[in-house]
$ cat protein_36.txt   # compact mmCIF, C-alpha atoms and all ligand atoms
# COMPACT_ATOMS: atom_id res chain seq x y z
CA MET A 1 2.15 22.48 -12.89
CA THR A 2 2.49 21.97 -9.14
CA ALA A 3 4.45 18.87 -8.06
CA VAL A 4 5.62 17.41 -4.73
CA ARG A 5 9.22 16.43 -5.22
CA MET A 6 11.89 14.53 -3.40
CA ALA A 7 14.89 16.80 -3.99
CA ALA A 8 17.39 15.61 -1.33
CA TRP A 9 17.73 12.54 0.89
CA GLN A 10 16.66 12.96 4.52
CA GLU A 11 14.85 16.21 3.75
CA PRO A 12 11.12 16.97 3.63
CA PRO A 13 9.57 17.02 0.14
CA GLN A 14 9.39 20.27 -1.82
CA VAL A 15 6.33 21.72 -3.51
CA THR A 16 7.56 23.26 -6.78
CA ARG A 17 6.42 24.14 -10.29
CA ILE A 18 7.56 21.95 -13.21
CA PRO A 19 6.41 21.78 -16.85
CA VAL A 20 3.48 19.50 -17.77
CA PRO A 21 5.20 16.43 -19.26
CA GLU A 22 4.57 15.31 -22.86
CA PRO A 23 3.84 11.61 -23.37
CA GLY A 24 6.33 9.89 -25.68
CA PRO A 25 5.67 6.95 -28.00
CA GLY A 26 3.81 4.17 -26.19
CA GLU A 27 3.16 6.33 -23.10
CA VAL A 28 -0.03 7.69 -21.56
CA LEU A 29 -0.50 11.08 -19.89
CA ILE A 30 -2.79 10.85 -16.86
CA LYS A 31 -4.65 13.81 -15.39
CA VAL A 32 -4.27 13.10 -11.69
CA ALA A 33 -7.38 12.91 -9.49
CA GLY A 34 -5.63 11.88 -6.27
CA ALA A 35 -2.35 10.56 -4.89
CA GLY A 36 -2.29 8.62 -1.61
CA VAL A 37 0.21 9.52 1.11
CA CYS A 38 1.87 6.23 2.06
CA HIS A 39 4.02 5.60 5.13
CA SER A 40 6.65 4.08 2.80
CA ASP A 41 7.42 7.61 1.58
CA LEU A 42 8.41 8.48 5.15
CA HIS A 43 10.87 5.55 5.16
CA VAL A 44 12.22 6.65 1.74
CA MET A 45 12.73 10.18 3.09
CA GLU A 46 14.35 8.94 6.32
CA TRP A 47 16.81 6.45 4.82
CA PRO A 48 20.30 7.87 4.11
CA ALA A 49 21.61 8.50 0.57
CA GLY A 50 22.70 5.27 -1.08
CA THR A 51 19.99 3.09 0.51
CA LEU A 52 17.92 3.24 -2.69
CA PRO A 53 19.37 3.39 -6.23
CA TYR A 54 17.17 6.32 -7.30
CA GLY A 55 18.37 9.53 -8.92
CA LEU A 56 17.01 12.84 -7.57
CA PRO A 57 14.85 14.81 -7.99
CA PHE A 58 11.63 12.95 -8.75
CA THR A 59 7.95 13.59 -8.06
CA LEU A 60 6.53 11.51 -5.20
CA GLY A 61 3.22 9.60 -5.28
CA HIS A 62 3.12 5.84 -5.95
CA GLU A 63 -0.61 5.44 -5.21
CA THR A 64 -2.35 7.32 -8.00
CA SER A 65 -5.77 7.58 -9.63
CA GLY A 66 -6.94 9.84 -12.45
CA TRP A 67 -8.23 10.05 -15.98
CA VAL A 68 -6.58 9.17 -19.29
CA HIS A 69 -5.70 12.60 -20.71
CA THR A 70 -3.59 11.97 -23.84
CA LEU A 71 -2.15 8.92 -25.54
CA GLY A 72 1.42 9.44 -26.73
CA PRO A 73 2.18 9.20 -30.48
CA GLY A 74 1.70 5.61 -31.61
CA THR A 75 0.37 4.44 -28.23
CA ARG A 76 -1.94 1.60 -29.15
CA THR A 77 -4.76 0.48 -26.90
CA THR A 78 -8.25 -0.73 -27.57
CA GLY A 79 -9.02 -0.97 -23.87
CA LEU A 80 -8.84 2.70 -22.90
CA ASN A 81 -10.24 5.98 -24.16
CA GLU A 82 -9.36 9.55 -23.28
CA GLY A 83 -11.38 10.56 -20.21
CA ASP A 84 -11.57 7.05 -18.72
CA ALA A 85 -11.10 6.85 -14.95
CA VAL A 86 -8.11 4.65 -14.10
CA LEU A 87 -5.79 3.49 -11.34
CA VAL A 88 -2.06 3.45 -11.95
CA TYR A 89 -0.60 0.03 -11.12
CA GLY A 90 2.45 1.01 -9.05
CA PRO A 91 5.35 -1.47 -9.39
CA TRP A 92 6.71 -1.03 -12.91
CA GLY A 93 8.63 -4.06 -14.17
CA CYS A 94 10.23 -4.84 -17.52
CA GLY A 95 6.86 -6.03 -18.82
CA VAL A 96 8.17 -9.14 -20.57
CA CYS A 97 9.88 -11.51 -18.07
CA PRO A 98 7.87 -14.52 -16.83
CA SER A 99 6.83 -12.68 -13.63
CA CYS A 100 5.70 -9.57 -15.54
CA ALA A 101 3.97 -11.79 -18.12
CA ARG A 102 1.69 -13.15 -15.39
CA GLY A 103 1.08 -9.62 -14.10
CA ALA A 104 3.44 -9.88 -11.11
CA GLU A 105 5.52 -6.83 -11.96
CA ASN A 106 6.10 -6.46 -8.20
CA TYR A 107 8.47 -9.40 -8.64
CA CYS A 108 9.97 -8.48 -12.03
CA ARG A 109 13.03 -10.64 -12.62
CA ARG A 110 14.90 -7.67 -14.07
CA ALA A 111 14.09 -5.31 -11.19
CA GLY A 112 17.79 -4.90 -10.43
CA GLU A 113 18.45 -3.51 -13.92
CA LEU A 114 15.63 -0.93 -13.80
CA PRO A 115 16.42 2.65 -12.72
CA ALA A 116 13.26 3.01 -10.60
CA ALA A 117 10.71 0.82 -8.84
CA GLY A 118 7.80 2.78 -10.34
CA GLY A 119 6.22 6.23 -10.57
CA GLY A 120 6.91 8.04 -7.28
CA LEU A 121 9.67 5.55 -6.42
CA GLY A 122 12.67 6.82 -8.36
CA THR A 123 10.83 8.38 -11.30
CA ASP A 124 8.02 10.95 -11.49
CA GLY A 125 4.82 9.85 -9.72
CA GLY A 126 1.34 11.13 -9.04
CA MET A 127 1.77 14.03 -6.61
CA ALA A 128 1.32 16.50 -9.46
CA GLU A 129 -1.39 17.65 -11.82
CA TYR A 130 -0.30 15.23 -14.55
CA MET A 131 1.74 12.03 -14.64
CA ILE A 132 3.31 9.98 -17.41
CA VAL A 133 2.64 6.24 -17.33
CA PRO A 134 5.04 4.29 -19.58
CA SER A 135 2.47 1.86 -20.98
CA PRO A 136 -1.32 1.32 -21.04
CA ARG A 137 -0.67 -2.12 -19.48
CA LEU A 138 -0.01 -0.30 -16.17
CA LEU A 139 -3.55 1.17 -16.03
CA VAL A 140 -6.57 -0.53 -14.50
CA PRO A 141 -10.02 0.90 -15.41
CA LEU A 142 -12.04 2.16 -12.44
CA GLY A 143 -15.46 1.86 -14.07
CA ASP A 144 -17.95 3.94 -12.10
CA LEU A 145 -15.75 4.40 -9.02
CA ASP A 146 -14.88 8.02 -8.22
CA PRO A 147 -11.17 8.49 -8.99
CA ARG A 148 -10.94 11.29 -6.41
CA THR A 149 -11.12 8.81 -3.53
CA ALA A 150 -9.98 5.60 -5.26
CA ALA A 151 -6.19 6.11 -5.17
CA PRO A 152 -5.64 4.04 -1.97
CA LEU A 153 -6.97 0.94 -3.77
CA THR A 154 -3.72 0.68 -5.74
CA ASP A 155 -1.42 0.29 -2.71
CA ALA A 156 -3.17 0.54 0.68
CA ALA A 157 -5.68 -2.10 -0.51
CA LEU A 158 -3.64 -4.04 -3.09
CA THR A 159 -0.75 -4.77 -0.69
CA PRO A 160 -2.88 -6.38 2.06
CA TYR A 161 -5.08 -8.04 -0.61
CA HIS A 162 -2.05 -9.87 -2.01
CA ALA A 163 -0.82 -10.71 1.51
CA ILE A 164 -4.23 -12.06 2.62
CA LYS A 165 -5.05 -13.95 -0.57
CA ARG A 166 -2.08 -16.28 -0.21
CA SER A 167 -3.34 -17.28 3.27
CA LEU A 168 -7.05 -17.69 2.49
CA HIS A 169 -6.85 -21.51 2.70
CA ARG A 170 -6.06 -21.09 6.42
CA LEU A 171 -8.92 -18.65 7.15
CA VAL A 172 -11.67 -21.25 7.56
CA PRO A 173 -14.73 -20.67 9.79
CA GLY A 174 -13.61 -20.71 13.42
CA SER A 175 -10.14 -19.35 12.59
CA THR A 176 -8.74 -15.95 13.57
CA ALA A 177 -6.80 -13.33 11.63
CA VAL A 178 -4.93 -10.47 13.32
CA VAL A 179 -4.11 -7.08 11.80
CA ILE A 180 -1.40 -5.11 13.63
CA GLY A 181 -1.37 -1.37 12.78
CA VAL A 182 -4.72 -0.02 11.58
CA GLY A 183 -3.50 2.83 9.39
CA GLY A 184 -3.76 3.24 5.62
CA LEU A 185 -3.07 -0.42 4.89
CA GLY A 186 -4.48 -1.87 8.11
CA HIS A 187 -8.00 -0.41 7.91
CA LEU A 188 -8.35 -1.90 4.43
CA ALA A 189 -6.81 -5.19 5.59
CA VAL A 190 -9.61 -5.49 8.17
CA GLN A 191 -12.25 -4.81 5.49
CA LEU A 192 -10.61 -7.27 3.08
CA LEU A 193 -10.50 -10.03 5.70
CA LYS A 194 -14.20 -9.54 6.41
CA ALA A 195 -15.04 -9.49 2.69
CA LEU A 196 -12.95 -12.54 1.74
CA SER A 197 -13.03 -14.89 4.71
CA ALA A 198 -15.06 -16.25 7.60
CA ALA A 199 -12.22 -15.66 10.08
CA ASP A 200 -12.73 -13.66 13.26
CA VAL A 201 -10.72 -10.46 12.87
CA VAL A 202 -8.65 -8.96 15.69
CA ALA A 203 -7.22 -5.45 15.26
CA VAL A 204 -4.21 -4.22 17.24
CA ASP A 205 -2.97 -0.63 17.45
CA THR A 206 -1.32 1.70 19.94
CA ALA A 207 -3.81 4.50 19.26
CA PRO A 208 -7.42 4.33 20.53
CA ASP A 209 -8.75 6.32 17.53
CA LYS A 210 -7.18 3.78 15.15
CA LEU A 211 -8.98 1.01 17.05
CA ASP A 212 -12.24 2.96 16.58
CA LEU A 213 -11.55 2.97 12.83
CA ALA A 214 -10.90 -0.80 13.00
CA ALA A 215 -14.30 -1.30 14.63
CA GLU A 216 -15.91 0.76 11.85
CA ALA A 217 -14.04 -1.39 9.32
CA GLY A 218 -15.62 -4.51 10.82
CA ALA A 219 -13.07 -5.87 13.30
CA ASP A 220 -14.59 -8.37 15.76
CA HIS A 221 -12.10 -7.65 18.58
CA LEU A 222 -9.94 -4.64 19.42
CA VAL A 223 -6.69 -5.13 21.33
CA PRO A 224 -4.44 -2.27 22.49
CA ALA A 225 -0.83 -2.85 21.39
CA GLY A 226 1.78 -3.65 24.02
CA GLU A 227 3.21 -6.36 26.23
CA GLY A 228 -0.09 -8.11 26.95
CA ALA A 229 -1.46 -8.08 23.39
CA ALA A 230 -0.31 -11.56 22.29
CA GLU A 231 -1.65 -13.08 25.50
CA ARG A 232 -5.03 -11.37 24.95
CA ILE A 233 -5.22 -12.78 21.45
CA ARG A 234 -4.35 -16.27 22.73
CA ARG A 235 -7.17 -16.01 25.27
CA LEU A 236 -9.61 -14.77 22.60
CA THR A 237 -8.77 -17.83 20.48
CA GLY A 238 -9.10 -20.41 23.25
CA GLY A 239 -5.32 -20.74 23.43
CA LEU A 240 -4.89 -21.63 19.74
CA GLY A 241 -3.63 -18.33 18.35
CA ALA A 242 -4.26 -16.79 14.92
CA SER A 243 -3.93 -18.51 11.54
CA LEU A 244 -2.75 -15.27 9.94
CA VAL A 245 -1.02 -12.36 11.62
CA LEU A 246 -0.58 -9.44 9.26
CA ASP A 247 1.96 -7.01 10.71
CA CYS A 248 1.45 -3.62 9.05
CA VAL A 249 4.16 -2.02 11.21
CA GLY A 250 7.17 -4.38 11.22
CA ALA A 251 8.89 -3.05 14.36
CA ASP A 252 10.59 -5.23 17.01
CA ALA A 253 7.58 -4.89 19.32
CA THR A 254 4.95 -5.77 16.70
CA LEU A 255 6.96 -8.72 15.37
CA LYS A 256 7.17 -10.05 18.91
CA THR A 257 3.38 -9.70 19.27
CA ALA A 258 2.91 -11.36 15.87
CA ALA A 259 5.02 -14.39 16.83
CA GLY A 260 3.33 -14.60 20.22
CA ALA A 261 -0.17 -14.50 18.71
CA ALA A 262 0.45 -16.98 15.85
CA ALA A 263 -1.06 -20.48 15.81
CA VAL A 264 0.53 -23.79 14.84
CA GLU A 265 0.50 -23.94 10.99
CA SER A 266 0.00 -20.18 10.60
CA ASP A 267 1.34 -17.35 8.48
CA VAL A 268 3.17 -14.41 10.05
CA THR A 269 3.07 -11.92 7.20
CA VAL A 270 5.11 -8.77 7.56
CA VAL A 271 4.18 -5.90 5.25
CA GLY A 272 5.38 -3.05 7.50
CA LEU A 273 8.88 -1.80 6.76
CA ALA A 274 9.87 -0.40 10.17
CA GLY A 275 12.97 -2.62 10.09
CA GLY A 276 12.41 -4.72 13.22
CA THR A 277 13.90 -8.18 13.71
CA LEU A 278 12.13 -11.47 14.46
CA PRO A 279 14.42 -14.33 15.49
CA VAL A 280 13.28 -17.52 13.73
CA ARG A 281 14.35 -20.62 15.65
CA TYR A 282 12.88 -23.37 17.77
CA GLY A 283 10.93 -21.75 20.59
CA THR A 284 10.27 -18.31 19.05
CA LEU A 285 7.42 -19.43 16.79
CA PRO A 286 4.82 -22.21 16.93
CA TRP A 287 5.40 -25.37 14.90
CA GLU A 288 5.12 -24.89 11.15
CA ALA A 289 4.48 -21.17 11.28
CA SER A 290 5.75 -19.47 8.11
CA VAL A 291 7.19 -15.97 8.07
CA THR A 292 7.04 -13.97 4.87
CA ILE A 293 7.66 -10.41 3.66
CA PRO A 294 5.47 -9.75 0.62
CA TYR A 295 5.84 -6.73 -1.65
CA TRP A 296 2.79 -4.98 -3.13
CA GLY A 297 0.57 -7.08 -5.48
CA THR A 298 -0.06 -8.14 -9.07
CA ARG A 299 -1.99 -6.45 -11.88
CA PRO A 300 -4.74 -9.12 -11.93
CA GLU A 301 -5.07 -8.66 -8.16
CA LEU A 302 -5.53 -4.91 -8.64
CA ALA A 303 -8.44 -5.64 -11.00
CA GLU A 304 -9.89 -7.90 -8.27
CA VAL A 305 -9.51 -5.12 -5.69
CA VAL A 306 -11.34 -2.72 -8.02
CA ALA A 307 -14.12 -5.31 -8.44
CA LEU A 308 -14.47 -5.57 -4.63
CA ALA A 309 -14.62 -1.78 -4.30
CA GLY A 310 -17.08 -1.53 -7.21
CA ALA A 311 -19.35 -3.98 -5.41
CA GLY A 312 -19.17 -1.85 -2.26
CA ARG A 313 -17.40 -4.58 -0.27
CA ILE A 314 -14.40 -2.39 0.66
CA ARG A 315 -14.22 1.39 0.96
CA PRO A 316 -11.07 3.38 1.75
CA HIS A 317 -11.50 5.90 4.58
CA VAL A 318 -10.08 8.96 2.86
CA LYS A 319 -9.35 12.53 3.81
CA THR A 320 -8.28 14.81 0.96
CA PHE A 321 -5.78 17.68 1.16
CA PRO A 322 -4.52 20.13 -1.49
CA LEU A 323 -1.18 19.16 -3.12
CA GLY A 324 0.42 22.28 -1.67
CA GLU A 325 -0.04 20.93 1.88
CA ALA A 326 2.08 17.82 1.22
CA ALA A 327 4.85 18.61 3.72
CA GLU A 328 2.30 19.18 6.49
CA VAL A 329 0.40 15.98 5.60
CA TYR A 330 3.61 13.90 5.82
CA ARG A 331 4.20 15.48 9.25
CA LEU A 332 0.69 14.48 10.35
CA LEU A 333 1.29 10.93 9.08
CA ARG A 334 4.57 10.67 10.97
CA ASP A 335 2.82 11.85 14.14
CA GLY A 336 0.06 9.23 13.74
CA ARG A 337 -2.58 11.89 13.14
CA ILE A 338 -4.00 10.59 9.84
CA GLU A 339 -7.05 8.35 10.09
CA GLY A 340 -7.26 5.87 7.22
CA ARG A 341 -5.51 7.38 4.19
CA ALA A 342 -4.65 10.98 3.29
CA VAL A 343 -5.00 11.71 -0.43
CA LEU A 344 -3.45 14.78 -2.09
CA VAL A 345 -5.60 16.32 -4.81
CA PRO A 346 -4.56 18.91 -7.41
CA GLU A 347 -6.49 22.17 -7.25
CA GLY A 348 -8.80 23.14 -10.09
P1 LIG B 1 0.20 4.32 8.55
O1 LIG B 1 1.10 5.30 9.18
O2 LIG B 1 -1.02 4.81 7.83
O3 LIG B 1 -0.31 3.24 9.63
C1 LIG B 1 0.51 2.69 10.61
C2 LIG B 1 -0.38 2.27 11.77
O4 LIG B 1 0.39 1.51 12.70
C3 LIG B 1 -0.96 3.45 12.56
O5 LIG B 1 -2.34 3.24 12.78
C4 LIG B 1 -0.18 3.42 13.87
O6 LIG B 1 -0.94 3.91 14.98
C5 LIG B 1 0.11 1.93 14.01
N1 LIG B 1 1.28 1.62 14.84
C6 LIG B 1 2.47 2.25 14.89
N2 LIG B 1 3.29 1.63 15.78
C7 LIG B 1 2.58 0.60 16.30
C8 LIG B 1 2.88 -0.41 17.26
N3 LIG B 1 4.06 -0.47 17.88
N4 LIG B 1 1.92 -1.32 17.55
C9 LIG B 1 0.71 -1.28 16.92
N5 LIG B 1 0.38 -0.33 16.01
C10 LIG B 1 1.30 0.58 15.71
O7 LIG B 1 1.11 3.45 7.55
P2 LIG B 1 0.71 2.67 6.19
O8 LIG B 1 0.79 3.63 5.06
O9 LIG B 1 -0.49 1.87 6.43
O10 LIG B 1 1.99 1.70 6.04
C11 LIG B 1 2.25 0.70 7.00
C12 LIG B 1 3.59 0.05 6.75
O11 LIG B 1 3.52 -0.75 5.57
C13 LIG B 1 4.74 1.04 6.53
O12 LIG B 1 5.91 0.51 7.14
C14 LIG B 1 4.88 1.02 5.02
O13 LIG B 1 6.17 1.39 4.60
C15 LIG B 1 4.59 -0.42 4.72
N6 LIG B 1 4.18 -0.73 3.33
C16 LIG B 1 4.68 -1.89 2.81
C17 LIG B 1 4.29 -2.30 1.55
C18 LIG B 1 4.80 -3.59 0.99
O14 LIG B 1 4.61 -3.84 -0.19
N7 LIG B 1 5.41 -4.44 1.78
C19 LIG B 1 3.40 -1.50 0.81
C20 LIG B 1 2.91 -0.32 1.39
C21 LIG B 1 3.30 0.05 2.66
ZN ZN B 2 3.09 2.59 -0.50
ZN ZN B 3 9.87 -8.19 -15.66
$ encode --input "protein_36.txt" --output "structure tokens" --more "lines below"
Ligand code: NAD
Ligand code: ZN
Ligand code: ZN
Amino acid sequence: MTAVRMAAWQEPPQVTRIPVPEPGPGEVLIKVAGAGVCHSDLHVMEWPAGTLPYGLPFTLGHETSGWVHTLGPGTRTTGLNEGDAVLVYGPWGCGVCPSCARGAENYCRRAGELPAAGGGLGTDGGMAEYMIVPSPRLLVPLGDLDPRTAAPLTDAALTPYHAIKRSLHRLVPGSTAVVIGVGGLGHLAVQLLKALSAADVVAVDTAPDKLDLAAEAGADHLVPAGEGAAERIRRLTGGLGASLVLDCVGADATLKTAAGAAAVESDVTVVGLAGGTLPVRYGTLPWEASVTIPYWGTRPELAEVVALAGAGRIRPHVKTFPLGEAAEVYRLLRDGRIEGRAVLVPEG
């Protein structure tokens, strides 16, 4: 089968042929419908050898949807049947520690002992025709949703969902939430904020076409990124600032905007991994602002995201490309030329 593989650090991915894998005991073989192209893959490809503990090669794709194809020998599940449309929950923990037991495998207490963070992050992922998932517990049924365009729900929606949910108590009527970076995650963050809260939503991006997408997603105000952005947001909020600033970039410049736009008693939530620095001391942030760096989301939250999508309350803006064009699609993403989320689909 065709697979998009990470074969060397700091090199573009390779499209190669590998055998269709056979599911072992307890495992599930998924026929892939789509695999989202996440900006995190660009970081993984850019970081030098030794940054991540993964062995090479492995198949990329940590945002995957598809159909249950075969249950491995002895795989027991009453919740899934062959042919069911599913999402693959991405962060694979040990499955038994207290965090995993409550579905928060993103914060597995044994993460340091595991060889990979999940499919597509150190072990074979979804940018292929088939993918092995180690346990049925890592699959979330999609119901009637079309798996061909649903893949972004499992990362581009789940990550901001988790980040927003913990701040919902602040997003009362009259409050403001800011989304910086309206790409794959950001355009869904805007939709999620509108679906879950009464807050006014401000979208910030460097690119005018990304601000157009934010408007389509329901943003109330559009602010071009740059020096004056925080000041504009302060003016829009009558001087108070925003109760939640979700930074989906995480660069020095966006963190500065985030701190400058935050209100007293707010959350500055950094999901972008661009590696910027935000000094936290008296004078750089308003009183009682909290800064946090959340990672992905929980399994129960992924079921909630699917319920929102099933009800038509959020809809990923997706453009599909054949698997074979992966290298070109990553180039487009790096150049800021993907609107919403690119999804790679196997041919045939
Ligand atoms: P993307 O490339 O689709 O979107 C990035 C957006 O940010 C684009 O619209 C771009 O125009 C905009 N942007 C870039 N620089 C900007 C600036 N200086 N000011 C304002 N806007 C700017 O990326 P994505 O797939 O949505 O991922 C976003 C970030 O989130 C990446 O760093 C990714 O690694 C990270 N991420 C983190 C988690 C997590 O669990 N913490 C999960 C998924 C992705
Ligand atoms: Zn991702
Ligand atoms: Zn665990």
$ residues_around --input "protein_36.txt" --residues "Gly226 (chain A)" --least-positions-apart "4" --cutoff "10 Å" --atoms "only C-alpha atoms" --output "VMD selection string"
chain A and resid 204 to 206 230 253 to 254 256 to 257
$ residues_around --input "protein_36.txt" --residues "Pro57 (chain A)" --least-positions-apart "2" --cutoff "8 Å" --atoms "all atoms listed in the file" --output "PyMOL selection string"
chain A and resi 5-8+55+59
$ closest_residue --input "protein_36.txt" --among "A:Glu11, A:Asp144, A:Glu105, A:Glu46" --to "Val86 (chain A)" --atoms "all atoms listed in the file"
A:Asp144
$ atom_distance --input "protein_36.txt" --atom1 "CA of Ala156 (chain A)" --atom2 "atom O14 of ligand LIG 1 (chain B)"
9.0 Å
$ atom_distance --input "protein_36.txt" --atom1 "atom C15 of ligand LIG 1 (chain B)" --atom2 "CA of Thr159 (chain A)"
8.8 Å
$ residues_near_ligand --input "protein_36.txt" --ligand "ligand LIG 1 (chain B)" --cutoff "7 Å" --atoms "only C-alpha atoms and all ligand atoms" --output "JSON list (two decimals) with C-alpha atoms, in the frame of the given file"
[["chain", "number", "residue", "atom", "x", "y", "z"],
["A", 38, "CYS", "CA", 1.87, 6.23, 2.06],
["A", 39, "HIS", "CA", 4.02, 5.60, 5.13],
["A", 40, "SER", "CA", 6.65, 4.08, 2.80],
["A", 43, "HIS", "CA", 10.87, 5.55, 5.16],
["A", 155, "ASP", "CA", -1.42, 0.29, -2.71],
["A", 156, "ALA", "CA", -3.17, 0.54, 0.68],
["A", 159, "THR", "CA", -0.75, -4.77, -0.69],
["A", 180, "ILE", "CA", -1.40, -5.11, 13.63],
["A", 181, "GLY", "CA", -1.37, -1.37, 12.78],
["A", 182, "VAL", "CA", -4.72, -0.02, 11.58],
["A", 183, "GLY", "CA", -3.50, 2.83, 9.39],
["A", 184, "GLY", "CA", -3.76, 3.24, 5.62],
["A", 185, "LEU", "CA", -3.07, -0.42, 4.89],
["A", 186, "GLY", "CA", -4.48, -1.87, 8.11],
["A", 204, "VAL", "CA", -4.21, -4.22, 17.24],
["A", 205, "ASP", "CA", -2.97, -0.63, 17.45],
["A", 206, "THR", "CA", -1.32, 1.70, 19.94],
["A", 207, "ALA", "CA", -3.81, 4.50, 19.26],
["A", 210, "LYS", "CA", -7.18, 3.78, 15.15],
["A", 225, "ALA", "CA", -0.83, -2.85, 21.39],
["A", 226, "GLY", "CA", 1.78, -3.65, 24.02],
["A", 248, "CYS", "CA", 1.45, -3.62, 9.05],
["A", 249, "VAL", "CA", 4.16, -2.02, 11.21],
["A", 250, "GLY", "CA", 7.17, -4.38, 11.22],
["A", 251, "ALA", "CA", 8.89, -3.05, 14.36],
["A", 253, "ALA", "CA", 7.58, -4.89, 19.32],
["A", 254, "THR", "CA", 4.95, -5.77, 16.70],
["A", 271, "VAL", "CA", 4.18, -5.90, 5.25],
["A", 272, "GLY", "CA", 5.38, -3.05, 7.50],
["A", 273, "LEU", "CA", 8.88, -1.80, 6.76],
["A", 274, "ALA", "CA", 9.87, -0.40, 10.17],
["A", 293, "ILE", "CA", 7.66, -10.41, 3.66],
["A", 294, "PRO", "CA", 5.47, -9.75, 0.62],
["A", 295, "TYR", "CA", 5.84, -6.73, -1.65],
["A", 296, "TRP", "CA", 2.79, -4.98, -3.13],
["A", 333, "LEU", "CA", 1.29, 10.93, 9.08],
["A", 334, "ARG", "CA", 4.57, 10.67, 10.97],
["A", 336, "GLY", "CA", 0.06, 9.23, 13.74],
["A", 338, "ILE", "CA", -4.00, 10.59, 9.84],
["A", 340, "GLY", "CA", -7.26, 5.87, 7.22],
["A", 341, "ARG", "CA", -5.51, 7.38, 4.19]]
$ closest_residue --input "protein_36.txt" --among "A:Leu142, A:Ile233, A:Ala104, A:Leu196" --to "ligand ZN 3 (chain B)" --atoms "all atoms listed in the file"
A:Ala104
$ residues_near_ligand --input "protein_36.txt" --ligand "ligand ZN 3 (chain B)" --cutoff "9 Å" --atoms "all atoms listed in the file" --output "number ranges by chain"
A: 92-101, 104-111
$ atom_distance --input "protein_36.txt" --atom1 "CA of Gly310 (chain A)" --atom2 "CA of Gly143 (chain A)"
7.8 Å
$ closest_residue --input "protein_36.txt" --among "A:Thr277, A:Thr64, A:Ser175, A:Thr320" --to "ligand ZN 2 (chain B)" --atoms "all atoms listed in the file"
A:Thr64
$ closest_residue --input "protein_36.txt" --among "A:Thr237, A:Ser135, A:Thr51, A:Thr154" --to "ligand ZN 2 (chain B)" --atoms "only C-alpha atoms and all ligand atoms"
A:Thr154
$ closest_residue --input "protein_36.txt" --among "A:Val280, A:Leu60, A:Val318, A:Leu145" --to "Gly126 (chain A)" --atoms "all atoms listed in the file"
A:Leu60
$ closest_residue --input "protein_36.txt" --among "A:Pro160, A:His169, A:Ala116, A:Thr123" --to "ligand ZN 2 (chain B)" --atoms "all atoms listed in the file"
A:Pro160
$ residues_around --input "protein_36.txt" --residues "Ala219 (chain A)" --least-positions-apart "5" --cutoff "6 Å" --atoms "all atoms listed in the file" --output "PDB file with C-alpha atoms, in the frame of the given file"
ATOM      1  CA  VAL A 201     -10.720 -10.460  12.870  1.00  0.00           C
ATOM      2  CA  VAL A 202      -8.650  -8.960  15.690  1.00  0.00           C
ATOM      3  CA  ALA A 214     -10.900  -0.800  13.000  1.00  0.00           C
TER       4      ALA A 214
END
